[in-house]
Amino acid sequence: MSLTETENVFAGLHETGLNDLLTAFFSARPRLLNYRTSSAVVNTPPSPTAWTTMPVIAFPGVEGGIEYAVQFSIPQVDIHPESAALPPPLILGGGQIALRTAVEFTLLCRRVDDDQKPISVRLEVVALGRVVVRTVGLGTGSVSFDLLRVEIVNITPDALESLIECLVLTLLRAALESLALPFSAIRAGAFSLNLTRGPEAETDQLKLYGSAV
Amino acid sequence: MADIVAAIDETAANVIVPSTIGSLPSVSRSGSGSLGPFGLSWSATASLTGGTVDLIPPPADVIRIAGCRLNYTLGVTLSLDLSFLNFCLPRVCVRLPFIGRICTPRICVTFPTISVPVSHSSFVNFTADMRLATALTGAVWKVDAIVVGVPVLVLGPAATALVAAIGAAVTLALLAVPFIGPLLALASAIIFGAFTVANVLGLLGPILTPFVSGLRIPLYTQPQMFEVLPASAPDPAVLVRLDSVAAALDGSSGEDELVLTIEISP
Amino acid sequence: MSALDSRALTYLDCYGQRFSTPGQVRYAITGPLAARLRVDDQPYLLQVADQQAAEPQQHDIEVRYENGAFTAVPPELAISAGDVVLWHAAQAATPPYAVWGEGEDGSFSSTSLQAEAVYSHAFGSAGDVEWTDMNQSGVGGLIRVHDLDATDRDACERWGRVLCEGAVVVVERDRVDLPELEIVTGQTVFFAVTQSSGMTVTDATLAIPVR
């Protein structure tokens with residue numbers, strides 16, 4: 001079967017290339033992965049521009065509110081078929097992607113003696129999702145990730161695992177909201193196309209098909 | 001497998017390549033030469049349109065463009081030395097009422113060298129085979145299709161048309177030369193007998209062929225530091241490095257395609 | 001192209017003047033504008049002797065242009081009363097010029113033909129040439145110039161014979177004896193002015209008079 005198949009233009013982004021794009025994206029814009037209320041919670045990375053500043057969580061009786069930070073590592077994507085085993089019960093289905101990242105929660109904990117000390121926990125996260133078209137126009141367009149579920153292993157009891165998985169899925173979907181990969185990046189500036197088919201996630205590639213512009 | 005693979009089939013090639021050809025800027029050249037015994041200077045401007053693309057994978061490994069049209073405008077300035085027409089008016093004697101016989105001296109008429117501008121626009125269709133060439137030049141990746149060898153231009157009709165244009169221009173220029181009237185037919189016969197369609201072919205070929213033999217069609221041009229996303233306040237641009245670019249014609253899957261394979265790094 | 005204009009003589013023109021009174025004639029050869037202004041010296045000399053020859057003689061003076069100035073060859077000439085002096089330029093590159101001066105008969109000028117003066121012109125292009133006097137005397141006429149194809153030997157010989165035949169137009173005051181004339185390309189027309197207050201023979205399309 002030819003690359004273009006029944007269409008006229010083909011662009012295929014291998015998962016290694018996709019992960020290079022994600023690394024470049026989040027290395028240039030780390031504030032999209034790092035969220036904190038203040039530098040008192042965590043200060044690595046030290047540059048203020050690497051952070052998105054969040055409001056404290058207000059709670060009655062908690063003077064100054066609850067301070068926290070959430071950090072994600074640069075996500076890496078595995079396009080169907082799976083290149084590495086997924087934690088059960090996750091199964092990478094046809095047309096799906098698996099996204100791996102690590103999330104670190106840090107809480108600025110107040111003790112009875114007014115001492116504040118940050119407490120962190122780092123969790124490995126695997127998410128299942130699909131690639132969707134974000135925008136499409138004549139010869140242009142972009143794709144993004146639609147995450148469907150998250151799996152974090154070894155949290156007990158199960159209810160706590162479910163709660164944290166829901167929280168992480170919510171935060172991760174929000175963090176990836178700003179990620180829109182233009183078609184031009186998927187084809188590295190070659191052969192503009194009007195999208196007629198795809199994006200398809202298969203054979204470790206993100207595939208776009210279309211007609212010539 | 002490469003990080004990025006981009007491919008087009010012949011249908012897409014027949015959209016992209018003619019469009020690219022048509023968007024190439026006009027090219028101008030000038031020079032001097034001769035046409036029979038007459039000197040000339042010329043300037044030419046040419047542009048390309050159209051063409052039908054055939055992707056021919058290895059072993060031929062060429063992109064064949066058939067029926068591509070070279071549109072050209074040629075400005076030629078012919079230098080015609082008309083001194084071969086020089087002659088002298090004889091002494092003329094008359095009788096005048098108050099003077100009697102009076103005679104003029106011999107008056108020798110010298111014919112100048114005239115410059116005859118000729119402007120001629122036409123086109124010639126041609127077929128050319130092109131090979132892919134990839135290079136990183138000045139931190140820019142380029143994949144061009146480059147003409148292989150020297151395409152043959154069928155210039156017979158163009159030469160015939162140019163001869164007619166030269167004839168019309170020379171005749172017009174001669175009419176303005178004093179004393180040419182009785183000698184016009186003779187002058188024209190001598191001038192037009194001094195060069196043939198073959199001479200004009202010999203003039204046109206070297207002028208027009210370089211426009212085609214030097215043809216480069218840009219198929220891919222991107223800076224090595226490729227911008228994934230532009231800067232958007234407060235965020236900077238997102239760049240990746242194009243580590244390598246390769247281009248090839250491939251027909252192994254039953255359909256002829258032009259394939260680019262690109263490796264990137266963050 | 002060399003236009004029909006007695007005010008600005010070229011190698012296709014001749015200017016002739018008869019001198020009937022013995023004495024000295026001084027004259028100059030200049031550009032046409034200087035001739036109208038008459039401000040230059042008159043370095044050339046005609047010595048008109050008293051005796052008259054049995055037949056008026058023609059004397060030719062060649063006009064040359066060297067080192068930015070016009071010269072007469074010979075610069076001095078002895079003639080008899082009643083003789084004609086004919087000025088002409090042999091070289092096609094000679095710029096337009098005029099001859100003007102003074103003698104015992106009074107002043108004379110190729111830019112203002114008066115008595116017993118002649119202006120000749122060889123016509124180089126086919127077409128109708130309407131000529132007129134730019135000094136507004138009202139005289140004028142039409143010269144119809146026809147081409148003749150001299151490609152073959154017979155036609156060439158015929159043309160050669162025709163070229164030897166000059167045409168004459170006589171102007172006396174306000175009367176022109178041949179107001180319309182037909183010639184072939186290359187033929188010479190002589191405009192003989194027997195009497196005038198000072199006229200030019202000029203292509204009517206040259207509308208702006210030289211002042």
# chains A, B, ... in the order shown; residues from 1 in each chain; ligands from 1
$ residues_around --residues "B:Phe126" --least-positions-apart "5" --cutoff "8 Å" --atoms "only C-alpha atoms" --output "ChimeraX atom specification"
/B:66-70,151-154
$ write_last_selection --atoms "N, CA and C atoms" --output "compact mmCIF listing (two decimals), in the first residue's frame"
# COMPACT_ATOMS: atom_id res chain seq x y z
N ALA B 66 6.41 17.43 -18.87
CA ALA B 66 6.15 17.50 -20.30
C ALA B 66 5.24 18.69 -20.58
N GLY B 67 5.43 19.27 -21.74
CA GLY B 67 4.55 20.36 -22.14
C GLY B 67 4.68 21.59 -21.27
N CYS B 68 5.83 21.78 -20.68
CA CYS B 68 6.05 23.01 -19.91
C CYS B 68 6.30 24.12 -20.91
N ARG B 69 5.78 25.27 -20.61
CA ARG B 69 5.88 26.36 -21.58
C ARG B 69 6.87 27.41 -21.10
N LEU B 70 7.82 27.71 -21.96
CA LEU B 70 8.76 28.80 -21.71
C LEU B 70 8.23 30.02 -22.45
N PRO B 151 17.72 20.18 -22.17
CA PRO B 151 16.52 19.82 -22.93
C PRO B 151 16.58 20.37 -24.35
N VAL B 152 15.98 19.64 -25.25
CA VAL B 152 15.93 20.09 -26.64
C VAL B 152 14.72 21.00 -26.80
N LEU B 153 14.95 22.19 -27.26
CA LEU B 153 13.86 23.12 -27.52
C LEU B 153 13.56 23.10 -29.02
N VAL B 154 12.31 22.88 -29.35
CA VAL B 154 11.92 22.90 -30.75
C VAL B 154 11.67 24.36 -31.12
$ select_by_dssp --residues "stretch 1-186 of chain A" --states "helix (DSSP H, G or I)" --output "PyMOL selection string"
chain A and resi 15-28+30-32+48-50+158-178+183-186
$ write_last_selection --atoms "C-alpha atoms" --output "PDB file, in the first residue's frame"
ATOM      1  CA  GLU A  15       5.827   8.809  17.943  1.00  0.00           C
ATOM      2  CA  THR A  16       9.542   9.581  18.401  1.00  0.00           C
ATOM      3  CA  GLY A  17       9.042  12.756  16.389  1.00  0.00           C
ATOM      4  CA  LEU A  18       5.868  13.543  18.308  1.00  0.00           C
ATOM      5  CA  ASN A  19       7.732  13.224  21.577  1.00  0.00           C
ATOM      6  CA  ASP A  20      10.468  15.513  20.232  1.00  0.00           C
ATOM      7  CA  LEU A  21       7.764  18.073  19.439  1.00  0.00           C
ATOM      8  CA  LEU A  22       6.275  17.723  22.923  1.00  0.00           C
ATOM      9  CA  THR A  23       9.705  18.134  24.494  1.00  0.00           C
ATOM     10  CA  ALA A  24      10.349  21.247  22.410  1.00  0.00           C
ATOM     11  CA  PHE A  25       6.899  22.632  23.228  1.00  0.00           C
ATOM     12  CA  PHE A  26       7.030  22.201  26.958  1.00  0.00           C
ATOM     13  CA  SER A  27      10.695  23.112  27.221  1.00  0.00           C
ATOM     14  CA  ALA A  28       9.876  26.453  25.585  1.00  0.00           C
ATOM     15  CA  PRO A  30       7.277  25.251  31.047  1.00  0.00           C
ATOM     16  CA  ARG A  31       4.645  27.397  32.732  1.00  0.00           C
ATOM     17  CA  LEU A  32       2.076  25.086  31.119  1.00  0.00           C
ATOM     18  CA  PRO A  48       9.312  32.904  37.659  1.00  0.00           C
ATOM     19  CA  THR A  49       8.398  32.637  33.968  1.00  0.00           C
ATOM     20  CA  ALA A  50       8.484  28.835  34.304  1.00  0.00           C
ATOM     21  CA  ASP A 158      -9.315   2.201  45.703  1.00  0.00           C
ATOM     22  CA  ALA A 159     -11.573   5.141  46.424  1.00  0.00           C
ATOM     23  CA  LEU A 160      -8.521   7.332  47.033  1.00  0.00           C
ATOM     24  CA  GLU A 161      -6.987   6.062  43.773  1.00  0.00           C
ATOM     25  CA  SER A 162     -10.159   6.899  41.896  1.00  0.00           C
ATOM     26  CA  LEU A 163     -10.307  10.356  43.492  1.00  0.00           C
ATOM     27  CA  ILE A 164      -6.699  11.156  42.626  1.00  0.00           C
ATOM     28  CA  GLU A 165      -7.032   9.717  39.131  1.00  0.00           C
ATOM     29  CA  CYS A 166     -10.043  11.972  38.545  1.00  0.00           C
ATOM     30  CA  LEU A 167      -8.165  14.970  39.903  1.00  0.00           C
ATOM     31  CA  VAL A 168      -5.104  14.223  37.752  1.00  0.00           C
ATOM     32  CA  LEU A 169      -7.218  13.638  34.633  1.00  0.00           C
ATOM     33  CA  THR A 170      -8.945  16.975  35.219  1.00  0.00           C
ATOM     34  CA  LEU A 171      -5.691  18.844  35.751  1.00  0.00           C
ATOM     35  CA  LEU A 172      -3.913  17.086  32.873  1.00  0.00           C
ATOM     36  CA  ARG A 173      -6.693  17.811  30.389  1.00  0.00           C
ATOM     37  CA  ALA A 174      -6.524  21.457  31.469  1.00  0.00           C
ATOM     38  CA  ALA A 175      -2.755  21.560  31.158  1.00  0.00           C
ATOM     39  CA  LEU A 176      -2.901  20.078  27.658  1.00  0.00           C
ATOM     40  CA  GLU A 177      -5.679  22.431  26.591  1.00  0.00           C
ATOM     41  CA  SER A 178      -3.142  24.883  25.184  1.00  0.00           C
ATOM     42  CA  PHE A 183      -0.402  20.426  10.524  1.00  0.00           C
ATOM     43  CA  SER A 184       2.664  22.335   9.342  1.00  0.00           C
ATOM     44  CA  ALA A 185       4.649  20.895  12.254  1.00  0.00           C
ATOM     45  CA  ILE A 186       3.413  17.365  11.588  1.00  0.00           C
TER      46      ILE A 186
END
$ select_by_dssp --residues "stretch 26-177 of chain C" --states "strand (DSSP E)" --output "NGL selection string"
:C and (26-30 or 44-49 or 58-66 or 69-73 or 76-80 or 83-89 or 98-103 or 106-109 or 117-122 or 127-132 or 140-146 or 167-172 or 175-176)
$ interface_residues --of "chain B" --to "chain C" --cutoff "6 Å" --atoms "only C-alpha atoms" --output "compact mmCIF listing (two decimals) with C-alpha atoms, in the first residue's frame"
# COMPACT_ATOMS: atom_id res chain seq x y z
CA VAL B 92 23.66 68.43 -62.17
CA PRO B 178 17.27 59.13 -46.83
CA PHE B 179 17.88 58.12 -50.45
CA GLY B 181 13.78 54.62 -51.77
CA PRO B 182 15.16 53.51 -55.12
CA LEU B 183 17.55 51.17 -53.34
CA LEU B 186 18.13 46.02 -53.36
$ closest_residue --among "B:Leu74, B:Val245, B:Ala168, B:Ile107" --to "chain A" --atoms "only C-alpha atoms"
B:Val245
$ closest_atom_pairs --of "chain B" --to "chain A" --cutoff "9 Å" --atoms "only C-alpha atoms" --output "CSV"
residue,atom,partner,partner_atom,distance
B:Met1,CA,A:His14,CA,7.3
B:Ala2,CA,A:His14,CA,6.9
B:Asp3,CA,A:Gly17,CA,4.3
B:Ile4,CA,A:Leu13,CA,4.7
B:Val5,CA,A:Gly12,CA,5.0
B:Ala6,CA,A:Ala11,CA,4.4
B:Ala7,CA,A:Phe10,CA,5.0
B:Ile8,CA,A:Val9,CA,4.6
B:Asp9,CA,A:Asn8,CA,5.3
B:Glu10,CA,A:Asn8,CA,7.7
B:Thr11,CA,A:Asn8,CA,6.2
B:Ala12,CA,A:Ala212,CA,5.1
B:Ala13,CA,A:Ala212,CA,8.1
B:Val15,CA,A:Ala212,CA,6.5
B:Ile16,CA,A:Ala212,CA,6.9
B:Leu219,CA,A:Ala190,CA,8.2
B:Tyr220,CA,A:Ala190,CA,6.1
B:Thr221,CA,A:Gly189,CA,8.1
B:Gln222,CA,A:Gly189,CA,6.8
B:Phe226,CA,A:Ala188,CA,7.4
B:Glu227,CA,A:Ala185,CA,7.9
B:Val228,CA,A:Ala185,CA,5.3
B:Leu229,CA,A:Pro182,CA,7.7
B:Pro234,CA,A:Thr49,CA,8.6
B:Asp235,CA,A:Arg29,CA,6.1
B:Pro236,CA,A:Ala28,CA,6.5
B:Ala237,CA,A:Ala28,CA,7.2
B:Val238,CA,A:Phe25,CA,5.6
B:Leu239,CA,A:Ala24,CA,6.5
B:Val240,CA,A:Ala24,CA,6.3
B:Leu242,CA,A:Ala188,CA,8.2
B:Gly251,CA,A:Ser2,CA,8.1
B:Ser252,CA,A:Ser2,CA,8.0
B:Ser253,CA,A:Ser2,CA,4.8
B:Gly254,CA,A:Ser2,CA,6.6
B:Glu255,CA,A:Ser2,CA,5.9
B:Asp256,CA,A:Ser2,CA,8.2
B:Glu257,CA,A:Ser2,CA,7.9
B:Val259,CA,A:Leu3,CA,8.7
B:Leu260,CA,A:Ala190,CA,8.0
B:Ile262,CA,A:Ala188,CA,7.7
B:Glu263,CA,A:Gly17,CA,7.5
B:Ile264,CA,A:Gly17,CA,6.4
B:Ser265,CA,A:Asp20,CA,5.6
B:Pro266,CA,A:Ala24,CA,4.7
$ write_last_selection --atoms "C-alpha atoms" --output "PDB file, in the first residue's frame"
ATOM      1  CA  MET B   1      11.128   4.782  10.743  1.00  0.00           C
ATOM      2  CA  ALA B   2      11.817   8.508  10.233  1.00  0.00           C
ATOM      3  CA  ASP B   3      10.360  11.047  12.616  1.00  0.00           C
ATOM      4  CA  ILE B   4       8.364  12.690   9.812  1.00  0.00           C
ATOM      5  CA  VAL B   5       7.344  11.291   6.428  1.00  0.00           C
ATOM      6  CA  ALA B   6       5.589  13.465   3.858  1.00  0.00           C
ATOM      7  CA  ALA B   7       4.524  12.156   0.471  1.00  0.00           C
ATOM      8  CA  ILE B   8       2.625  13.244  -2.615  1.00  0.00           C
ATOM      9  CA  ASP B   9       1.336  11.165  -5.495  1.00  0.00           C
ATOM     10  CA  GLU B  10       1.295  12.214  -9.139  1.00  0.00           C
ATOM     11  CA  THR B  11      -2.086  13.873  -8.793  1.00  0.00           C
ATOM     12  CA  ALA B  12      -0.743  16.152  -6.061  1.00  0.00           C
ATOM     13  CA  ALA B  13       2.510  16.596  -7.966  1.00  0.00           C
ATOM     14  CA  VAL B  15      -0.966  20.549  -8.600  1.00  0.00           C
ATOM     15  CA  ILE B  16       2.127  21.478  -6.652  1.00  0.00           C
ATOM     16  CA  LEU B 219       9.991  21.636  -3.697  1.00  0.00           C
ATOM     17  CA  TYR B 220      10.909  22.131  -0.046  1.00  0.00           C
ATOM     18  CA  THR B 221      12.568  25.074   1.676  1.00  0.00           C
ATOM     19  CA  GLN B 222      12.677  25.325   5.470  1.00  0.00           C
ATOM     20  CA  PHE B 226      11.989  24.995  12.235  1.00  0.00           C
ATOM     21  CA  GLU B 227       9.308  27.034  13.959  1.00  0.00           C
ATOM     22  CA  VAL B 228       6.593  24.766  15.275  1.00  0.00           C
ATOM     23  CA  LEU B 229       4.648  27.620  16.814  1.00  0.00           C
ATOM     24  CA  PRO B 234       4.029  35.700  27.168  1.00  0.00           C
ATOM     25  CA  ASP B 235       5.359  32.521  25.514  1.00  0.00           C
ATOM     26  CA  PRO B 236       8.342  32.331  23.160  1.00  0.00           C
ATOM     27  CA  ALA B 237       8.326  30.519  19.820  1.00  0.00           C
ATOM     28  CA  VAL B 238       8.613  26.742  19.822  1.00  0.00           C
ATOM     29  CA  LEU B 239      11.451  25.477  17.630  1.00  0.00           C
ATOM     30  CA  VAL B 240      12.723  22.078  16.634  1.00  0.00           C
ATOM     31  CA  LEU B 242      15.573  19.531  11.360  1.00  0.00           C
ATOM     32  CA  GLY B 251       7.085   3.315  -6.695  1.00  0.00           C
ATOM     33  CA  SER B 252       7.589   0.163  -4.671  1.00  0.00           C
ATOM     34  CA  SER B 253       4.077   0.211  -3.238  1.00  0.00           C
ATOM     35  CA  GLY B 254       2.379   0.278  -6.615  1.00  0.00           C
ATOM     36  CA  GLU B 255       1.882   4.046  -6.788  1.00  0.00           C
ATOM     37  CA  ASP B 256       4.562   6.527  -7.824  1.00  0.00           C
ATOM     38  CA  GLU B 257       5.209   9.010  -5.045  1.00  0.00           C
ATOM     39  CA  VAL B 259       8.628  11.113  -0.457  1.00  0.00           C
ATOM     40  CA  LEU B 260      10.409  13.374   2.015  1.00  0.00           C
ATOM     41  CA  ILE B 262      12.838  14.207   7.989  1.00  0.00           C
ATOM     42  CA  GLU B 263      14.524  13.651  11.355  1.00  0.00           C
ATOM     43  CA  ILE B 264      13.940  16.206  14.094  1.00  0.00           C
ATOM     44  CA  SER B 265      15.249  16.885  17.583  1.00  0.00           C
ATOM     45  CA  PRO B 266      14.063  19.256  20.294  1.00  0.00           C
TER      46      PRO B 266
END
$ closest_residue --among "C:Leu181, C:Met134, C:Ala69, C:Val99" --to "C:Arg38" --atoms "only C-alpha atoms"
C:Val99
